[in-house]
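Chemist: After the structure tokens below, expect a handful of questions from me.
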Amino acid sequence: MFKHLSRALRALFTLRWASGRGLVIGLPFAWLAIAFLVPFLIVLRISFAEMDGAGNPFGSLLNYVEGVLTLKIKLANYLFIGSDDLYVLTYLSSLKYAAITTVLCLVIGYPFAYFMARARPTARPILMMLVMLPFWTSFLLRIYAWKGILANHGILNDLLLALGVVAQPLHMMNTPFSLLIGMVYAYLPFMILPLYANLVKMDVRFLEAAADLGATPLQAFWRITVPLSKSGIIAGSMLVFIPAIGEYVIPELLGGPETLMIGHVLWDEFFTNNDWPMASSVTVVVILLILVPMAVFNKYQADQQGRA
């Protein structure tokens, strides 16, 4: 009797554990489906449709006439994107500025994160608060502040003129320089936080062992600290690079004609030209430009871990 009872209890426990595990795994997937997959499928459907006479972008792809069901998919928008220089150059420009922003955030953010991780435990919360402090202010106000700093008669030019460093104001606004300044400033915390979370958990005994074996501090940094912080570098780079590709506000406020990015093109297609299928096609291509390299990289990482 007790044997059968124990089996029943074991089976009940296994069932509850399996259902709980399925719930924990299923909730994030359900959230991803609602927040990403469903909107993406809607945008994908619009990209294959045509605007009807009333300006409705949700034209039907399936038509049933006299017992014949036809599927009508419009590929002209994707063909036009691949053949039009404006879109190709805009995609390349977005990728270029996103990559430069990521590299600059890494170069600037790594020393910050390293210093925070090696600071006294009592000082780390204060340093963390300083990194998070800009998020307490409106993003739009912070970007507008850079307009006042970089303008021809802004704070920086007035200071340089007063110090006699320059004879006339420097033209910094509406240039690639002002765009990168705004992008790096806005996304720098997204690089620092993952790096700090990774570096603060690193075992410093590895560095002590390297020093005992005769390695210089620089050699220990490149051969131990940097490889061990690879996951933080990858996470921070993803958090910066992905949203930087589709950035709209910063290029609109700080950039100029030479800094055209895909976010501005999307805005024009959606709200100026009112061409939702074309705008949706541009959006799908942007998503593919992001997801395909990420999928290839994740597969490479999985293969490397499998070999290890």
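Ordered as shown in the structure tokens, chains take letters A, B, and onward, while each chain numbers its residues from 1 and ligands are numbered from 1 in the order shown.
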Going by DSSP on the backbone, which residues of range 56-287 of chain A come out as strand (DSSP E or B)? List them as a PDB file with N, CA, C and O atoms, in the first residue's frame.
Modeler:
ATOM      1  N   LEU A  62      -5.969  37.314 -50.295  1.00  0.00           N
ATOM      2  CA  LEU A  62      -6.706  36.166 -50.830  1.00  0.00           C
ATOM      3  C   LEU A  62      -7.989  36.641 -51.484  1.00  0.00           C
ATOM      4  O   LEU A  62      -8.717  37.460 -50.917  1.00  0.00           O
ATOM      5  N   ASN A  63      -8.247  36.154 -52.686  1.00  0.00           N
ATOM      6  CA  ASN A  63      -9.464  36.492 -53.414  1.00  0.00           C
ATOM      7  C   ASN A  63     -10.145  35.204 -53.863  1.00  0.00           C
ATOM      8  O   ASN A  63      -9.485  34.297 -54.396  1.00  0.00           O
ATOM      9  N   TYR A  64     -11.440  35.147 -53.640  1.00  0.00           N
ATOM     10  CA  TYR A  64     -12.217  33.970 -54.028  1.00  0.00           C
ATOM     11  C   TYR A  64     -13.269  34.425 -55.040  1.00  0.00           C
ATOM     12  O   TYR A  64     -14.219  35.135 -54.701  1.00  0.00           O
ATOM     13  N   VAL A  65     -13.069  34.050 -56.294  1.00  0.00           N
ATOM     14  CA  VAL A  65     -13.968  34.456 -57.374  1.00  0.00           C
ATOM     15  C   VAL A  65     -14.337  33.225 -58.179  1.00  0.00           C
ATOM     16  O   VAL A  65     -13.451  32.527 -58.704  1.00  0.00           O
ATOM     17  N   VAL A  68     -12.612  29.981 -57.494  1.00  0.00           N
ATOM     18  CA  VAL A  68     -11.148  29.983 -57.618  1.00  0.00           C
ATOM     19  C   VAL A  68     -10.566  30.868 -56.521  1.00  0.00           C
ATOM     20  O   VAL A  68     -10.913  32.049 -56.411  1.00  0.00           O
ATOM     21  N   LEU A  69      -9.697  30.282 -55.700  1.00  0.00           N
ATOM     22  CA  LEU A  69      -9.020  31.005 -54.635  1.00  0.00           C
ATOM     23  C   LEU A  69      -7.627  31.399 -55.112  1.00  0.00           C
ATOM     24  O   LEU A  69      -6.820  30.541 -55.478  1.00  0.00           O
ATOM     25  N   THR A  70      -7.358  32.692 -55.136  1.00  0.00           N
ATOM     26  CA  THR A  70      -6.065  33.188 -55.621  1.00  0.00           C
ATOM     27  C   THR A  70      -5.347  33.935 -54.503  1.00  0.00           C
ATOM     28  O   THR A  70      -5.981  34.615 -53.685  1.00  0.00           O
ATOM     29  N   LEU A  71      -4.037  33.772 -54.484  1.00  0.00           N
ATOM     30  CA  LEU A  71      -3.184  34.471 -53.528  1.00  0.00           C
ATOM     31  C   LEU A  71      -2.380  35.516 -54.294  1.00  0.00           C
ATOM     32  O   LEU A  71      -1.626  35.185 -55.207  1.00  0.00           O
TER      33      LEU A  71
END
Chemist: Give the alpha helix (DSSP H) residues of range 29-129 of chain A, as assigned by DSSP on the backbone, as an MDAnalysis selection string.
Modeler: chainID A and resid 29:32 38:47 76:83 85:118 124:129
Chemist: Which residues of range 217-276 of chain A sit at most 12 Å from range 149-154 of chain A, using only C-alpha atoms? Give each one's shortest atom pair and distance in Å (one decimal place), in chain and ascending residue order, as CSV.
Modeler:
residue,atom,partner,partner_atom,distance
A:Leu253,CA,A:Leu150,CA,11.6
A:Leu254,CA,A:Leu150,CA,9.1
A:Gly255,CA,A:Leu150,CA,11.6
Chemist: Produce a file of the selected residues containing N, CA and C atoms, as a PDB file, in the first residue's frame.
Modeler:
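again.pdb was written with the following content:
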ATOM      1  N   LEU A 253      17.174  65.384 -34.755  1.00  0.00           N
ATOM      2  CA  LEU A 253      17.493  66.594 -34.003  1.00  0.00           C
ATOM      3  C   LEU A 253      18.946  67.029 -34.150  1.00  0.00           C
ATOM      4  N   LEU A 254      19.862  66.087 -34.227  1.00  0.00           N
ATOM      5  CA  LEU A 254      21.283  66.427 -34.246  1.00  0.00           C
ATOM      6  C   LEU A 254      21.949  66.171 -35.590  1.00  0.00           C
ATOM      7  N   GLY A 255      21.377  65.303 -36.401  1.00  0.00           N
ATOM      8  CA  GLY A 255      21.986  64.982 -37.685  1.00  0.00           C
ATOM      9  C   GLY A 255      21.636  65.992 -38.761  1.00  0.00           C
TER      10      GLY A 255
END
Chemist: Could you list, as a list in words, every residue within 12 Å of Met294 in chain A, counting only C-alpha atoms and ignoring same-chain residues fewer than 3 positions away?
Modeler: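 Here the answer would be Ile234, Ala235, Ser237, Met238, Phe241, Ile242, Ile287, Leu288, Leu289, Ile290, Leu291, Phe297, Asn298, Lys299, Tyr300 and Gln301 of chain A.
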Chemist: Any idea what's packed within 10 Å of Phe40 in chain A, counting only C-alpha atoms, ignoring anything in its chain fewer than 6 positions away? Could you give it as a PyMOL selection string?
Modeler: chain A and resi 33-34+46+280+283-284+287
Chemist: Output N, CA and C atoms for every residue in that selection, as a PDB file, in the first residue's frame.
Modeler:
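Resulting contents of out_29.pdb:
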ATOM      1  N   ALA A  33       5.652  36.160 -28.509  1.00  0.00           N
ATOM      2  CA  ALA A  33       4.694  36.008 -29.604  1.00  0.00           C
ATOM      3  C   ALA A  33       3.761  37.205 -29.686  1.00  0.00           C
ATOM      4  N   ILE A  34       3.300  37.687 -28.521  1.00  0.00           N
ATOM      5  CA  ILE A  34       2.368  38.816 -28.514  1.00  0.00           C
ATOM      6  C   ILE A  34       3.072  40.126 -28.848  1.00  0.00           C
ATOM      7  N   ILE A  46       1.207  43.521 -44.488  1.00  0.00           N
ATOM      8  CA  ILE A  46       1.017  44.818 -45.152  1.00  0.00           C
ATOM      9  C   ILE A  46       2.039  45.023 -46.252  1.00  0.00           C
ATOM     10  N   SER A 280       6.319  49.220 -44.657  1.00  0.00           N
ATOM     11  CA  SER A 280       6.383  47.899 -44.033  1.00  0.00           C
ATOM     12  C   SER A 280       7.488  47.055 -44.658  1.00  0.00           C
ATOM     13  N   THR A 283      10.659  48.137 -43.205  1.00  0.00           N
ATOM     14  CA  THR A 283      10.761  47.625 -41.836  1.00  0.00           C
ATOM     15  C   THR A 283      11.186  46.161 -41.813  1.00  0.00           C
ATOM     16  N   VAL A 284      10.598  45.357 -42.684  1.00  0.00           N
ATOM     17  CA  VAL A 284      10.940  43.929 -42.729  1.00  0.00           C
ATOM     18  C   VAL A 284      12.410  43.737 -43.084  1.00  0.00           C
ATOM     19  N   ILE A 287      14.526  44.476 -40.042  1.00  0.00           N
ATOM     20  CA  ILE A 287      14.479  43.373 -39.077  1.00  0.00           C
ATOM     21  C   ILE A 287      15.350  42.210 -39.542  1.00  0.00           C
TER      22      ILE A 287
END
Chemist: Go through range 154-226 of chain A residue by residue and, counting only C-alpha atoms, keep those with an atom at most 10 Å from range 243-247 of chain A; for each kept residue give the shortest atom pair and its distance in Å to one decimal, ordered by chain and increasing number, as a tab-separated table.
Modeler:
residue	atom	partner	partner_atom	distance
A:Met183	CA	A:Ala244	CA	7.4
A:Val184	CA	A:Ala244	CA	9.6
A:Ala186	CA	A:Ala244	CA	9.7
A:Tyr187	CA	A:Ala244	CA	8.1
Chemist: Can you tell me which residues surround range 126-140 of chain A at a distance of at most 9 Å, considering only C-alpha atoms, apart from same-chain residues fewer than 5 positions away, and format the answer as a list in words?
Modeler: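 Near neighbours after the sequence-gap exclusion: Met116, Ala119, Ala145, Ala186, Leu188, Pro189, Ile192, Leu193, Val249 and Ile250 of chain A.
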Chemist: May I have the selected residues written with all heavy atoms, as a PDB file, in the first residue's frame?
Modeler:
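Saved to out06.pdb:
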ATOM      1  N   MET A 116      34.241  50.624 -12.117  1.00  0.00           N
ATOM      2  CA  MET A 116      33.131  50.350 -11.206  1.00  0.00           C
ATOM      3  C   MET A 116      33.260  48.975 -10.563  1.00  0.00           C
ATOM      4  O   MET A 116      33.009  48.802  -9.371  1.00  0.00           O
ATOM      5  CB  MET A 116      31.803  50.450 -11.961  1.00  0.00           C
ATOM      6  CG  MET A 116      31.427  51.850 -12.396  1.00  0.00           C
ATOM      7  SD  MET A 116      30.018  51.855 -13.532  1.00  0.00           S
ATOM      8  CE  MET A 116      28.766  51.036 -12.535  1.00  0.00           C
ATOM      9  N   ALA A 119      35.994  49.010  -7.899  1.00  0.00           N
ATOM     10  CA  ALA A 119      35.826  49.968  -6.812  1.00  0.00           C
ATOM     11  C   ALA A 119      35.420  49.244  -5.532  1.00  0.00           C
ATOM     12  O   ALA A 119      35.055  48.069  -5.539  1.00  0.00           O
ATOM     13  CB  ALA A 119      34.781  51.019  -7.189  1.00  0.00           C
ATOM     14  N   ALA A 145      19.270  69.203 -25.137  1.00  0.00           N
ATOM     15  CA  ALA A 145      20.360  69.882 -24.442  1.00  0.00           C
ATOM     16  C   ALA A 145      21.626  69.898 -25.282  1.00  0.00           C
ATOM     17  O   ALA A 145      22.391  70.874 -25.258  1.00  0.00           O
ATOM     18  CB  ALA A 145      20.606  69.201 -23.096  1.00  0.00           C
ATOM     19  N   ALA A 186      23.539  58.719 -25.629  1.00  0.00           N
ATOM     20  CA  ALA A 186      22.260  58.081 -25.317  1.00  0.00           C
ATOM     21  C   ALA A 186      22.422  56.602 -25.002  1.00  0.00           C
ATOM     22  O   ALA A 186      21.729  56.064 -24.124  1.00  0.00           O
ATOM     23  CB  ALA A 186      21.284  58.273 -26.473  1.00  0.00           C
ATOM     24  N   LEU A 188      25.398  54.884 -24.210  1.00  0.00           N
ATOM     25  CA  LEU A 188      26.543  54.477 -23.393  1.00  0.00           C
ATOM     26  C   LEU A 188      26.138  53.671 -22.155  1.00  0.00           C
ATOM     27  O   LEU A 188      26.784  52.657 -21.834  1.00  0.00           O
ATOM     28  CB  LEU A 188      27.365  55.701 -22.994  1.00  0.00           C
ATOM     29  CG  LEU A 188      28.669  55.431 -22.234  1.00  0.00           C
ATOM     30  CD1 LEU A 188      29.603  54.556 -23.063  1.00  0.00           C
ATOM     31  CD2 LEU A 188      29.359  56.758 -21.879  1.00  0.00           C
ATOM     32  N   PRO A 189      25.087  54.059 -21.416  1.00  0.00           N
ATOM     33  CA  PRO A 189      24.711  53.239 -20.251  1.00  0.00           C
ATOM     34  C   PRO A 189      24.344  51.801 -20.615  1.00  0.00           C
ATOM     35  O   PRO A 189      24.564  50.884 -19.809  1.00  0.00           O
ATOM     36  CB  PRO A 189      23.499  53.992 -19.675  1.00  0.00           C
ATOM     37  CG  PRO A 189      23.675  55.398 -20.121  1.00  0.00           C
ATOM     38  CD  PRO A 189      24.289  55.297 -21.481  1.00  0.00           C
ATOM     39  N   ILE A 192      27.641  50.047 -20.590  1.00  0.00           N
ATOM     40  CA  ILE A 192      28.318  49.972 -19.297  1.00  0.00           C
ATOM     41  C   ILE A 192      27.679  48.922 -18.388  1.00  0.00           C
ATOM     42  O   ILE A 192      28.387  48.137 -17.736  1.00  0.00           O
ATOM     43  CB  ILE A 192      28.313  51.356 -18.613  1.00  0.00           C
ATOM     44  CG1 ILE A 192      29.183  52.339 -19.404  1.00  0.00           C
ATOM     45  CG2 ILE A 192      28.820  51.257 -17.178  1.00  0.00           C
ATOM     46  CD1 ILE A 192      29.174  53.750 -18.844  1.00  0.00           C
ATOM     47  N   LEU A 193      26.370  48.882 -18.337  1.00  0.00           N
ATOM     48  CA  LEU A 193      25.690  48.008 -17.371  1.00  0.00           C
ATOM     49  C   LEU A 193      25.959  46.521 -17.606  1.00  0.00           C
ATOM     50  O   LEU A 193      26.282  45.796 -16.652  1.00  0.00           O
ATOM     51  CB  LEU A 193      24.189  48.310 -17.376  1.00  0.00           C
ATOM     52  CG  LEU A 193      23.806  49.708 -16.880  1.00  0.00           C
ATOM     53  CD1 LEU A 193      22.307  49.924 -16.978  1.00  0.00           C
ATOM     54  CD2 LEU A 193      24.284  49.926 -15.454  1.00  0.00           C
ATOM     55  N   VAL A 249      14.981  59.797 -33.453  1.00  0.00           N
ATOM     56  CA  VAL A 249      14.969  61.093 -32.781  1.00  0.00           C
ATOM     57  C   VAL A 249      16.325  61.791 -32.879  1.00  0.00           C
ATOM     58  O   VAL A 249      16.404  62.977 -33.223  1.00  0.00           O
ATOM     59  CB  VAL A 249      14.559  60.909 -31.306  1.00  0.00           C
ATOM     60  CG1 VAL A 249      14.674  62.235 -30.553  1.00  0.00           C
ATOM     61  CG2 VAL A 249      13.142  60.387 -31.219  1.00  0.00           C
ATOM     62  N   ILE A 250      17.408  61.071 -32.581  1.00  0.00           N
ATOM     63  CA  ILE A 250      18.733  61.692 -32.567  1.00  0.00           C
ATOM     64  C   ILE A 250      19.153  62.165 -33.960  1.00  0.00           C
ATOM     65  O   ILE A 250      19.611  63.302 -34.109  1.00  0.00           O
ATOM     66  CB  ILE A 250      19.769  60.726 -31.962  1.00  0.00           C
ATOM     67  CG1 ILE A 250      19.405  60.408 -30.513  1.00  0.00           C
ATOM     68  CG2 ILE A 250      21.179  61.325 -32.025  1.00  0.00           C
ATOM     69  CD1 ILE A 250      20.285  59.374 -29.861  1.00  0.00           C
TER      70      ILE A 250
END
Chemist: Can you tell me which residues surround range 194-207 of chain A at a distance of at most 7 Å, considering only C-alpha atoms, apart from same-chain residues fewer than 4 positions away, and format the answer as an NGL selection string?
Modeler: :A and (110 or 113-114 or 116-117 or 211 or 220 or 229 or 232-233 or 235-236)
Chemist: Pick out the closest residue to Tyr97 in chain A from this set: A:Leu228, A:Leu179, A:Ala30, A:Ile42. Count only C-alpha atoms.
Modeler: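 With only C-alpha atoms as the atom set, the closest residue is A:Leu179.
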